[in-house]
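Structure data follow from protein-v3.pdb (PDB, C-alpha atoms, pLDDT in the B column):
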```pdb
ATOM      1  CA  MET A   1     271.788  97.447 -82.675  1.00 69.00           C
ATOM      2  CA  ASP A   2     275.052  98.155 -80.889  1.00 81.00           C
ATOM      3  CA  ARG A   3     277.943  95.757 -80.957  1.00 94.00           C
ATOM      4  CA  ILE A   4     278.614  93.905 -77.705  1.00 97.00           C
ATOM      5  CA  GLN A   5     282.268  93.272 -76.918  1.00 98.00           C
ATOM      6  CA  LEU A   6     283.346  91.885 -73.561  1.00 97.00           C
ATOM      7  CA  ALA A   7     286.856  90.793 -72.650  1.00 98.00           C
ATOM      8  CA  ALA A   8     287.280  87.298 -71.255  1.00 97.00           C
ATOM      9  CA  THR A   9     287.746  86.935 -67.526  1.00 95.00           C
ATOM     10  CA  ASP A  10     288.907  83.946 -65.533  1.00 93.00           C
ATOM     11  CA  ARG A  11     285.243  82.852 -65.276  1.00 96.00           C
ATOM     12  CA  SER A  12     283.515  84.244 -68.346  1.00 97.00           C
ATOM     13  CA  PRO A  13     284.143  84.029 -72.099  1.00 98.00           C
ATOM     14  CA  GLN A  14     285.172  86.698 -74.558  1.00 98.00           C
ATOM     15  CA  VAL A  15     282.044  88.002 -76.254  1.00 98.00           C
ATOM     16  CA  ASP A  16     281.845  89.683 -79.636  1.00 98.00           C
ATOM     17  CA  PHE A  17     278.296  90.096 -80.915  1.00 98.00           C
ATOM     18  CA  ASP A  18     278.638  92.171 -84.087  1.00 97.00           C
ATOM     19  CA  PHE A  19     274.986  92.405 -85.025  1.00 94.00           C
ATOM     20  CA  ALA A  20     275.583  94.612 -88.089  1.00 93.00           C
ATOM     21  CA  SER A  21     277.726  91.929 -89.747  1.00 94.00           C
ATOM     22  CA  GLY A  22     275.719  88.997 -88.376  1.00 95.00           C
ATOM     23  CA  HIS A  23     278.800  87.519 -86.701  1.00 97.00           C
ATOM     24  CA  LEU A  24     278.484  86.485 -83.064  1.00 98.00           C
ATOM     25  CA  SER A  25     281.164  84.732 -81.033  1.00 98.00           C
ATOM     26  CA  LEU A  26     281.897  83.331 -77.608  1.00 98.00           C
ATOM     27  CA  ARG A  27     285.410  82.108 -76.799  1.00 97.00           C
ATOM     28  CA  GLY A  28     287.204  80.928 -73.702  1.00 97.00           C
ATOM     29  CA  GLU A  29     285.749  79.381 -70.576  1.00 97.00           C
ATOM     30  CA  SER A  30     282.324  79.941 -69.083  1.00 97.00           C
ATOM     31  CA  TYR A  31     281.483  79.396 -65.453  1.00 96.00           C
ATOM     32  CA  PRO A  32     280.329  82.792 -64.219  1.00 95.00           C
ATOM     33  CA  GLU A  33     279.033  83.000 -60.660  1.00 92.00           C
ATOM     34  CA  ASP A  34     275.676  84.179 -62.009  1.00 95.00           C
ATOM     35  CA  ALA A  35     275.151  82.806 -65.513  1.00 94.00           C
ATOM     36  CA  ALA A  36     271.717  84.437 -65.818  1.00 94.00           C
ATOM     37  CA  ALA A  37     273.189  87.872 -65.072  1.00 96.00           C
ATOM     38  CA  PHE A  38     276.020  87.340 -67.573  1.00 97.00           C
ATOM     39  CA  PHE A  39     274.024  85.793 -70.420  1.00 97.00           C
ATOM     40  CA  GLY A  40     270.700  87.593 -69.856  1.00 97.00           C
ATOM     41  CA  PRO A  41     271.721  90.858 -71.576  1.00 96.00           C
ATOM     42  CA  LEU A  42     273.216  88.874 -74.473  1.00 97.00           C
ATOM     43  CA  LEU A  43     269.957  86.980 -74.943  1.00 97.00           C
ATOM     44  CA  GLN A  44     267.898  90.187 -74.757  1.00 97.00           C
ATOM     45  CA  SER A  45     270.113  91.867 -77.351  1.00 96.00           C
ATOM     46  CA  LEU A  46     269.974  88.826 -79.631  1.00 97.00           C
ATOM     47  CA  ARG A  47     266.181  88.693 -79.446  1.00 96.00           C
ATOM     48  CA  ALA A  48     265.954  92.429 -80.141  1.00 95.00           C
ATOM     49  CA  HIS A  49     268.243  92.067 -83.157  1.00 95.00           C
ATOM     50  CA  LEU A  50     266.235  89.160 -84.535  1.00 95.00           C
ATOM     51  CA  ALA A  51     263.014  91.173 -84.125  1.00 94.00           C
ATOM     52  CA  GLU A  52     264.511  94.215 -85.911  1.00 91.00           C
ATOM     53  CA  THR A  53     265.963  92.426 -88.928  1.00 82.00           C
ATOM     54  CA  SER A  54     265.028  89.297 -90.785  1.00 77.00           C
ATOM     55  CA  ALA A  55     267.384  88.961 -93.719  1.00 81.00           C
ATOM     56  CA  THR A  56     270.944  89.245 -92.438  1.00 87.00           C
ATOM     57  CA  PRO A  57     272.580  85.820 -92.231  1.00 95.00           C
ATOM     58  CA  ILE A  58     273.908  84.962 -88.785  1.00 97.00           C
ATOM     59  CA  VAL A  59     277.039  82.992 -87.966  1.00 98.00           C
ATOM     60  CA  PHE A  60     277.469  82.166 -84.276  1.00 98.00           C
ATOM     61  CA  GLU A  61     280.948  80.864 -83.418  1.00 98.00           C
ATOM     62  CA  VAL A  62     281.197  79.062 -80.088  1.00 98.00           C
ATOM     63  CA  GLY A  63     284.696  78.121 -78.974  1.00 98.00           C
ATOM     64  CA  LEU A  64     284.466  77.240 -75.304  1.00 97.00           C
ATOM     65  CA  ALA A  65     287.177  75.085 -73.762  1.00 96.00           C
ATOM     66  CA  TYR A  66     285.039  74.581 -70.658  1.00 96.00           C
ATOM     67  CA  PHE A  67     281.546  75.524 -69.510  1.00 97.00           C
ATOM     68  CA  ASN A  68     279.413  74.558 -66.539  1.00 96.00           C
ATOM     69  CA  SER A  69     275.807  73.367 -66.527  1.00 95.00           C
ATOM     70  CA  SER A  70     274.316  76.830 -65.987  1.00 96.00           C
ATOM     71  CA  SER A  71     276.304  78.081 -68.981  1.00 97.00           C
ATOM     72  CA  ALA A  72     275.020  75.118 -71.019  1.00 97.00           C
ATOM     73  CA  LYS A  73     271.458  76.165 -70.209  1.00 96.00           C
ATOM     74  CA  ALA A  74     272.281  79.752 -71.164  1.00 97.00           C
ATOM     75  CA  LEU A  75     273.776  78.558 -74.478  1.00 97.00           C
ATOM     76  CA  MET A  76     270.597  76.644 -75.218  1.00 97.00           C
ATOM     77  CA  ASN A  77     268.615  79.796 -74.459  1.00 97.00           C
ATOM     78  CA  LEU A  78     270.750  81.645 -77.035  1.00 97.00           C
ATOM     79  CA  PHE A  79     270.390  78.853 -79.577  1.00 97.00           C
ATOM     80  CA  MET A  80     266.580  78.626 -79.389  1.00 97.00           C
ATOM     81  CA  PRO A  81     265.768  82.023 -80.965  1.00 97.00           C
ATOM     82  CA  LEU A  82     268.399  81.343 -83.635  1.00 97.00           C
ATOM     83  CA  GLU A  83     266.712  78.042 -84.452  1.00 97.00           C
ATOM     84  CA  ASP A  84     263.355  79.829 -84.609  1.00 96.00           C
ATOM     85  CA  ALA A  85     264.817  82.455 -86.965  1.00 96.00           C
ATOM     86  CA  ALA A  86     266.227  79.711 -89.176  1.00 96.00           C
ATOM     87  CA  GLY A  87     262.832  78.012 -89.200  1.00 95.00           C
ATOM     88  CA  ALA A  88     261.375  81.300 -90.470  1.00 94.00           C
ATOM     89  CA  GLY A  89     263.848  81.285 -93.366  1.00 94.00           C
ATOM     90  CA  ARG A  90     266.822  83.256 -92.047  1.00 95.00           C
ATOM     91  CA  PRO A  91     270.242  81.728 -92.819  1.00 96.00           C
ATOM     92  CA  VAL A  92     271.756  80.726 -89.461  1.00 97.00           C
ATOM     93  CA  THR A  93     274.978  78.793 -88.899  1.00 98.00           C
ATOM     94  CA  VAL A  94     276.345  77.741 -85.533  1.00 98.00           C
ATOM     95  CA  ARG A  95     280.030  76.778 -85.609  1.00 98.00           C
ATOM     96  CA  TRP A  96     280.958  74.685 -82.600  1.00 98.00           C
ATOM     97  CA  ARG A  97     284.742  74.909 -82.260  1.00 97.00           C
ATOM     98  CA  PHE A  98     286.655  72.450 -80.108  1.00 97.00           C
ATOM     99  CA  ALA A  99     290.274  71.463 -79.598  1.00 96.00           C
ATOM    100  CA  GLU A 100     291.562  68.386 -81.364  1.00 95.00           C
ATOM    101  CA  GLY A 101     290.928  65.367 -79.160  1.00 94.00           C
ATOM    102  CA  ASP A 102     288.605  67.170 -76.726  1.00 96.00           C
ATOM    103  CA  GLU A 103     285.864  64.568 -76.700  1.00 96.00           C
ATOM    104  CA  THR A 104     283.948  66.216 -73.851  1.00 96.00           C
ATOM    105  CA  ILE A 105     283.409  69.503 -75.700  1.00 97.00           C
ATOM    106  CA  ALA A 106     282.835  67.664 -79.002  1.00 97.00           C
ATOM    107  CA  GLU A 107     280.111  65.518 -77.402  1.00 97.00           C
ATOM    108  CA  ALA A 108     278.505  68.615 -75.888  1.00 97.00           C
ATOM    109  CA  GLY A 109     278.395  70.144 -79.369  1.00 97.00           C
ATOM    110  CA  GLU A 110     276.823  67.004 -80.788  1.00 97.00           C
ATOM    111  CA  ASP A 111     274.193  67.130 -78.043  1.00 96.00           C
ATOM    112  CA  PHE A 112     273.373  70.739 -78.929  1.00 96.00           C
ATOM    113  CA  ALA A 113     273.363  69.918 -82.661  1.00 96.00           C
ATOM    114  CA  ALA A 114     270.695  67.259 -82.090  1.00 96.00           C
ATOM    115  CA  ASP A 115     268.271  70.028 -81.075  1.00 91.00           C
ATOM    116  CA  PHE A 116     268.577  71.860 -84.395  1.00 93.00           C
ATOM    117  CA  ALA A 117     266.285  71.149 -87.316  1.00 95.00           C
ATOM    118  CA  HIS A 118     266.597  74.392 -89.300  1.00 97.00           C
ATOM    119  CA  ALA A 119     269.846  76.145 -88.391  1.00 96.00           C
ATOM    120  CA  ARG A 120     273.054  74.705 -89.771  1.00 96.00           C
ATOM    121  CA  PHE A 121     275.293  73.320 -87.027  1.00 96.00           C
ATOM    122  CA  GLU A 122     278.951  72.773 -87.932  1.00 97.00           C
ATOM    123  CA  MET A 123     281.434  70.882 -85.789  1.00 97.00           C
ATOM    124  CA  VAL A 124     284.903  72.409 -86.253  1.00 97.00           C
ATOM    125  CA  GLU A 125     287.870  70.576 -84.777  1.00 96.00           C
ATOM    126  CA  GLU A 126     290.895  72.826 -84.330  1.00 93.00           C
ATOM    127  CA  ALA A 127     294.490  71.656 -84.055  1.00 86.00           C
TER     128      ALA A 127
END
```

Mind turning the file's structure into structure tokens?
Amino acid sequence: MDRIQLAATDRSPQVDFDFASGHLSLRGESYPEDAAAFFGPLLQSLRAHLAETSATPIVFEVGLAYFNSSSAKALMNLFMPLEDAAGAGRPVTVRWRFAEGDETIAEAGEDFAADFAHARFEMVEEA
């Protein structure tokens, strides 16, 4: 599986999905005009990777300072196959990074974390 690297824009996050190492990351802000068009290829690649390999641990780092509701739905769509993989025994960690004192992003992370039963969800407050 090829690595996906996309530079951040004023409306979309930096993406680094390094499937070989099992390290995936999104950083920045996310409110693309067409969230399905932006996140769709990421979701397809993630699903393909999960179907190809079953042992590599995955760490997904999410450090978004802002995201809109369509991006939240897209994040959940990315999280669901990771949760399924964790339920099947694959080590999966989601690290939700948020700025110190940013209660809005912290609460969003807690809301996402509530949907996980198998994957490990870590809240990481950054100074």

Mind giving me the straight-line distance from CA of Asp102 in chain A to CA of Val124 in chain A in Å, one decimal?
11.5 Å

Between A:Leu43, A:Ala88, A:Ala99, A:Ala48, which has the minimum distance to Lys73 in chain A (counting all atoms listed in the file)?
A:Leu43

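You can rank A:Glu125, A:Glu110, A:Asp34, A:Glu29 by their closest distance to Ala8 in chain A using all atoms listed in the file, and at the top of that list sits A:Glu29.
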
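Nearest residue to Glu52 in chain A among A:Ala20, A:Ala65, A:Ala72, A:Ser25 is A:Ala20, counting only C-alpha atoms.
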
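From CA of Gly101 in chain A back to CA of His23 in chain A, the distance works out to 26.4 Å.
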
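The interatomic distance for the pair CA of Asp84 in chain A and CA of Thr104 in chain A works out to 26.9 Å.
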
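Restricting the calculation to only C-alpha atoms, the smallest distance between Thr56 in chain A and any of A:Phe79, A:Pro91, A:Phe38, A:Tyr31 is found for A:Pro91.
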
What residues come out when you apply the PyMOL selection byres ((chain A and resi 66-71) around 12) to this file, written as a count of residues only?
40

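If you measure from each of A:Phe116, A:Phe17, A:Phe60, A:Trp96 to Leu42 in chain A using only C-alpha atoms, the closest one turns out to be A:Phe17.
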
So that I can see what lies close to Arg120 in chain A, please list as a short mmCIF file (atom, residue, chain, number, x, y, z; two decimals) with C-alpha atoms, in the coordinates of the input the residues with an atom at most 9 Å from it, counting only C-alpha atoms and leaving out residues fewer than 5 positions away in the same chain.
```
data_model
loop_
_atom_site.label_atom_id
_atom_site.label_comp_id
_atom_site.auth_asym_id
_atom_site.auth_seq_id
_atom_site.Cartn_x
_atom_site.Cartn_y
_atom_site.Cartn_z
CA GLU A 83 266.71 78.04 -84.45
CA ALA A 86 266.23 79.71 -89.18
CA PRO A 91 270.24 81.73 -92.82
CA VAL A 92 271.76 80.73 -89.46
CA THR A 93 274.98 78.79 -88.90
CA VAL A 94 276.35 77.74 -85.53
CA ARG A 95 280.03 76.78 -85.61
CA ALA A 113 273.36 69.92 -82.66
#
```

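Residue nearest Arg3 in chain A, chosen from A:Pro81, A:Pro57, A:Gly22, A:Gly89 and counting all atoms listed in the file: A:Gly22.
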
Every residue with an atom at most 8 Å from (280.4, 91.7, -76.9) (file coordinates; only C-alpha atoms) is what I'm after, so could you write them as a PyMOL selection string?
chain A and resi 3-7+14-18

Could you name the residues that touch Ala51 in chain A at 10 Å or less, counting all atoms listed in the file, but leaving out those on the same chain fewer than 5 positions away, as a PyMOL selection string?
chain A and resi 45-46+85
